[in-house]
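Here the structure comes first, spelled out in structure tokens, and everything after it is commentary.
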Amino acid sequence: MTTTVPRPSGKLTVRDRLFRLAETVTTPLLPEDYLDLVAPLRSGAALRGRIVDVRPETRDAATVTIRPGRGWRGHTPGQYVRLGVDVDGVRQWRAYSLTSVPGRRDGLISVTVKAIPDGRVSNHLVRRATPGTLVQLDQAQGDFVQPATAPERILFVTAGSGVTPVMGMLRAGATGSADVVLVHSAPTPADVVFADELRGLARQGAIRLVERHTDTDGVLGVAELADLVPDHLDRQTWACGPVGLLDAVEAHWAGHGVADRLHTERFRPTVISPGAGGTVTFTRAGVTVGADGGTALLDVGEDAGVLMPSGCRMGICFGCVVPLRQGAVRDLRNGDVTTAVPGDGVLIQTCVSAAAGTCDIDL
Amino acid sequence: MTAIQKKPVNPIAHLTAEDIETLGRELDAIRDRVIASRGERDAAYIRRVISTQRRLELGSRAVLLFSLFPPAWLVGTAGLAVAKILENMEIGHNVLHGQWDWMRDPKIHSTTWEWDHVSPAEQWKHSHNELHHTYTNVLGRDNDLGYGIMRVDEDQRWHPIHLGQPLWNLINACFFEYGIAAYDLELGRNLRKGRHKAPEFRARARAVGRKIRRQFLKDYIVHPLLSGPSFLSTLAATFTANLIRNLWSHSVIMCGHFPEGVETFEKTSIEGETRGEWYLRQMLGSANISGSRLMHIMTGNLSFQIEHHLFPDLPSNRYQEIAPQVRALFAKYGLTYTTGPLPKQVASAWWKVIRLSLPDRATPAASRPADDLPTPTPALAEV
């Protein structure tokens, strides 16, 4: 929207010169603002995608297939993509694991979304999203992936939609010829996402599938793993699911001194009990609001209409980092307090930081 | 509210302090209902307007490449004028008000938007959103009184220079965007006070200079050059489109706070002003324009000036929807909802400029004729 785009240094190509000429005609807009009207997925555009299909998986999960823009650089099985979806007119960013095989011939990608209670974006995608809708995309990210050479023995511990990155790996054959065990929890057999596909893989002997139906069998206790998968501590393990499961798994593996064999993926920060909040000033936007100690500054800013950079919203991608000019913030995951005195520009992650006093944020 | 109290009939004498606060709460409730229901429909609206505007502008400029042919000149000029009006009024003004910030779309946000206007968005937002909307119609604070060359209120002393103000106003109307840029720079005041060498002023003046250069290059050099043999006719077309846009926006803006029936306020009257009193000042200090849906869009819904001044940051497509509720509150509280068709309001505003170019007749204030009510300050930066 602004004409003050950074100029590439060095020699200008013919294309660059043409764009500069075009800019003199389109100012104050950029040529891309006009091109976006007709070709939003072209190469060189901000990365977007168009939903081409929404297919129900279970009563509250659906696979959303997307044609990404030309700038999409592909992904590694197990990685996630951030989607910017307009829900009730408001752009919301969320991260979802990719469940499609990389490099599909038709160029499409897919994510599988489970509608969580009060989940604005997940419910929208599962129940209301329609083919043809444009969504914003980021390049795939995440290190919840298989190493270059697959281990010989692999354990996946998943629950609910936590199976999605694992499905991405299994579909892509990322586990090679390894001996794979998947322990998956879901409330009922009907709630198992990809149930047919997983059970099919198990029948073929590609994986050993341990389904846990928590409505009837209760929540999986980490100690039960010793019976279900006796050699679980010897396996390279990837775990993805709710915070409680991951905390228990991490403690279990660490307790046995084999934390290095465990890889986890979290979609939500573990939030400790909040402290007192404070008044937050977004200095450049000229907005001052009160914030409680349990709400991430990202949410506080967005609710106040400030254009906040954002990313994974769980404290891992650093897409939301902004300078704290003065004041104190508390890390919602561990309670650590970060302070800044005037003149400082301490970089904070707004998605996992809440006010712990008066804050001036340079935004 | 001293300026009002000078009037033979004080329009708010019948309201108690409690009435005014109740009125404020009723207006808050209207605002809350709109905010609670803001959503996909509104987002689709502004995206449709932006998309239409861009297609229209591009199409018109393409047609103007062949502007040597008179039909192409006519069609292209008309299309470009409409596109520029839409861009400034329904899109630029309202986006820069933050009316669409709630969408969190960085492409349609008050902090990233730049408009087809010689005043840089940043400077305009300050003088318009912060000064004009805060101090609406407060004498000496709603900060222009015709750049010191126009007399627009009886309380200003007459000077022979004011004889020329109908002409100044006409010139301002033709080059309105430059007038606004000068207003946003507070050019007159800064020159008078010798502040033109201050670094802060110079930086802002340079920003305006850059913006003018870019706008000028686009409309008067590159686009005509691209037209080849149609160079001169395209130049005339872009000039005409800018002229039409300037005259139109100047007219709409004059109608907002200028016609008879709109009140002004004195500085002391807003000290310690409550929310209810602030609302009341906006209600009495603004005037609407009646007309068709197309007319409302072309004015950027500033034809709902009263609703806009009450709720400057609500999406513009909602002003029309809440207007009946707002009007009902005017009736309930015995206030006058000033509105009229565009020609009538423009004539009323111009008549005031002409009338006040002459010295007052030696009549005591209390016995002024009915059309000599206290006048508002013009809001020259209202686009």
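Chain identifiers are assigned as A, B, and so on, following the order in which chains appear in the structure tokens; residues are numbered from 1 within each chain, and ligands are numbered from 1 in order of appearance.
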
_If DSSP is run on the backbone, what residues of stretch 63-173 of chain A are helix (DSSP H, G or I)? A reply as a PyMOL selection string would be ideal._
chain A and resi 120-128+160-172

_6 Å contact set for stretch 339-350 of chain B, only C-alpha atoms, chain neighbours under 2 positions out, as a ChimeraX atom specification_ = /B:255,258-259,287-290,352-353

*Would you list which chain B residues are within 10 Å of chain A using only C-alpha atoms, as a ChimeraX atom specification?*
/B:37-44,50-52,54-55,57-58,61,98-117,120,211,214-219,221-223,226

For those residues, write N, CA and C atoms to a file as a short mmCIF file (atom, residue, chain, number, x, y, z; two decimals), in the first residue's frame.
```cif
data_model
loop_
_atom_site.label_atom_id
_atom_site.label_comp_id
_atom_site.auth_asym_id
_atom_site.auth_seq_id
_atom_site.Cartn_x
_atom_site.Cartn_y
_atom_site.Cartn_z
N SER B 37 -22.06 -6.03 15.69
CA SER B 37 -22.54 -6.71 14.48
C SER B 37 -21.62 -6.49 13.28
N ARG B 38 -20.50 -5.79 13.50
CA ARG B 38 -19.54 -5.61 12.40
C ARG B 38 -19.05 -6.97 11.94
N GLY B 39 -18.94 -7.16 10.65
CA GLY B 39 -18.50 -8.48 10.23
C GLY B 39 -18.29 -8.60 8.75
N GLU B 40 -18.53 -9.81 8.27
CA GLU B 40 -18.22 -10.17 6.90
C GLU B 40 -18.88 -9.24 5.87
N ARG B 41 -20.13 -8.88 6.13
CA ARG B 41 -20.87 -8.02 5.20
C ARG B 41 -20.15 -6.69 5.02
N ASP B 42 -19.66 -6.12 6.12
CA ASP B 42 -18.96 -4.84 6.03
C ASP B 42 -17.64 -4.99 5.31
N ALA B 43 -16.92 -6.06 5.64
CA ALA B 43 -15.63 -6.30 4.98
C ALA B 43 -15.84 -6.46 3.48
N ALA B 44 -16.88 -7.19 3.11
CA ALA B 44 -17.15 -7.39 1.68
C ALA B 44 -17.47 -6.05 1.03
N ILE B 50 -13.33 -0.81 -3.01
CA ILE B 50 -11.93 -0.63 -3.41
C ILE B 50 -11.68 -1.27 -4.77
N SER B 51 -12.20 -2.47 -4.95
CA SER B 51 -12.00 -3.15 -6.22
C SER B 51 -12.65 -2.38 -7.37
N THR B 52 -13.86 -1.90 -7.15
CA THR B 52 -14.55 -1.11 -8.18
C THR B 52 -13.75 0.14 -8.52
N ARG B 54 -10.58 0.72 -8.18
CA ARG B 54 -9.32 0.45 -8.89
C ARG B 54 -9.58 0.08 -10.35
N ARG B 55 -10.60 -0.71 -10.57
CA ARG B 55 -10.92 -1.06 -11.95
C ARG B 55 -11.33 0.18 -12.74
N GLU B 57 -10.51 3.30 -12.14
CA GLU B 57 -9.37 4.19 -12.37
C GLU B 57 -8.50 3.65 -13.51
N LEU B 58 -8.21 2.36 -13.44
CA LEU B 58 -7.35 1.75 -14.46
C LEU B 58 -8.02 1.84 -15.83
N ARG B 61 -8.02 5.43 -17.13
CA ARG B 61 -6.71 5.87 -17.61
C ARG B 61 -6.35 5.18 -18.93
N GLY B 98 -9.54 4.98 10.38
CA GLY B 98 -9.46 3.73 11.13
C GLY B 98 -10.77 2.97 11.13
N GLN B 99 -11.69 3.35 10.20
CA GLN B 99 -13.00 2.68 10.20
C GLN B 99 -12.90 1.20 9.87
N TRP B 100 -11.78 0.81 9.21
CA TRP B 100 -11.66 -0.58 8.77
C TRP B 100 -10.51 -1.29 9.45
N ASP B 101 -9.90 -0.65 10.46
CA ASP B 101 -8.75 -1.26 11.14
C ASP B 101 -9.13 -2.59 11.79
N TRP B 102 -10.39 -2.71 12.20
CA TRP B 102 -10.82 -3.93 12.90
C TRP B 102 -10.67 -5.18 12.03
N MET B 103 -10.57 -4.99 10.70
CA MET B 103 -10.43 -6.16 9.82
C MET B 103 -9.04 -6.78 9.90
N ARG B 104 -8.08 -6.01 10.47
CA ARG B 104 -6.70 -6.49 10.62
C ARG B 104 -6.09 -6.87 9.28
N ASP B 105 -6.55 -6.22 8.22
CA ASP B 105 -5.96 -6.46 6.91
C ASP B 105 -4.92 -5.37 6.69
N PRO B 106 -3.64 -5.73 6.64
CA PRO B 106 -2.62 -4.68 6.51
C PRO B 106 -2.76 -3.86 5.23
N LYS B 107 -3.51 -4.37 4.26
CA LYS B 107 -3.70 -3.64 3.01
C LYS B 107 -4.81 -2.59 3.13
N ILE B 108 -5.63 -2.70 4.16
CA ILE B 108 -6.73 -1.74 4.33
C ILE B 108 -6.70 -1.25 5.76
N HIS B 109 -5.68 -0.48 6.09
CA HIS B 109 -5.47 -0.12 7.49
C HIS B 109 -5.00 1.32 7.58
N SER B 110 -5.46 2.03 8.60
CA SER B 110 -5.15 3.46 8.70
C SER B 110 -3.65 3.72 8.82
N THR B 111 -2.90 2.75 9.32
CA THR B 111 -1.47 3.00 9.51
C THR B 111 -0.66 2.73 8.25
N THR B 112 -1.24 2.07 7.26
CA THR B 112 -0.46 1.76 6.06
C THR B 112 -1.02 2.46 4.82
N TRP B 113 -2.18 3.05 4.93
CA TRP B 113 -2.84 3.59 3.75
C TRP B 113 -2.21 4.90 3.31
N GLU B 114 -2.08 5.05 2.00
CA GLU B 114 -1.71 6.35 1.44
C GLU B 114 -2.75 6.65 0.37
N TRP B 115 -3.10 7.94 0.22
CA TRP B 115 -4.20 8.25 -0.67
C TRP B 115 -3.79 9.13 -1.84
N ASP B 116 -4.70 9.21 -2.80
CA ASP B 116 -4.47 9.97 -4.04
C ASP B 116 -4.74 11.44 -3.76
N HIS B 117 -3.80 12.08 -3.07
CA HIS B 117 -4.04 13.41 -2.54
C HIS B 117 -2.67 13.99 -2.25
N PRO B 120 0.12 14.25 2.61
CA PRO B 120 0.46 12.89 3.05
C PRO B 120 -0.51 12.42 4.13
N LYS B 211 5.23 14.31 -1.94
CA LYS B 211 3.91 13.81 -2.33
C LYS B 211 3.40 14.57 -3.54
N ARG B 214 5.21 13.37 -6.66
CA ARG B 214 4.73 12.07 -7.16
C ARG B 214 3.37 12.20 -7.84
N GLN B 215 2.47 12.95 -7.21
CA GLN B 215 1.14 13.12 -7.77
C GLN B 215 1.21 13.84 -9.11
N PHE B 216 2.07 14.86 -9.15
CA PHE B 216 2.21 15.67 -10.35
C PHE B 216 2.80 14.84 -11.49
N LEU B 217 3.84 14.08 -11.14
CA LEU B 217 4.50 13.23 -12.13
C LEU B 217 3.50 12.27 -12.76
N LYS B 218 2.66 11.67 -11.91
CA LYS B 218 1.69 10.69 -12.40
C LYS B 218 0.67 11.33 -13.33
N ASP B 219 0.01 12.40 -12.81
CA ASP B 219 -1.14 12.94 -13.53
C ASP B 219 -0.75 13.83 -14.70
N ILE B 221 2.60 14.20 -16.15
CA ILE B 221 3.76 13.90 -17.00
C ILE B 221 3.70 12.47 -17.55
N VAL B 222 3.72 11.46 -16.64
CA VAL B 222 3.84 10.09 -17.12
C VAL B 222 2.60 9.65 -17.90
N HIS B 223 1.44 9.87 -17.29
CA HIS B 223 0.22 9.44 -17.98
C HIS B 223 0.04 10.15 -19.33
N LEU B 226 2.54 8.65 -21.78
CA LEU B 226 2.14 7.32 -22.25
C LEU B 226 1.06 7.44 -23.33
#
```

*Please measure the separation of atom CA of B:Phe265 and atom CA of B:Glu18, giving the value in Å to one decimal.*
20.5 Å

*Show which residues sit within 12 Å of B:Pro70, as a PyMOL selection string. Count only C-alpha atoms, and ignore same-chain residues fewer than 4 positions away.*
chain B and resi 63-66+74-77+230+233-234+236-237

*Using DSSP on the backbone, list every residue of stretch 222-375 of chain B that comes out as strand (DSSP E or B), and give them as a list in words.*
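For stretch 222-375 of chain B, the strand (DSSP E or B) set is Phe265, Asn288, Ile289, Ser290, Thr339, Gly340 and Pro341 of chain B.
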
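Between atom CA of B:Arg48 and atom CA of B:Val252 the separation is 23.0 Å.
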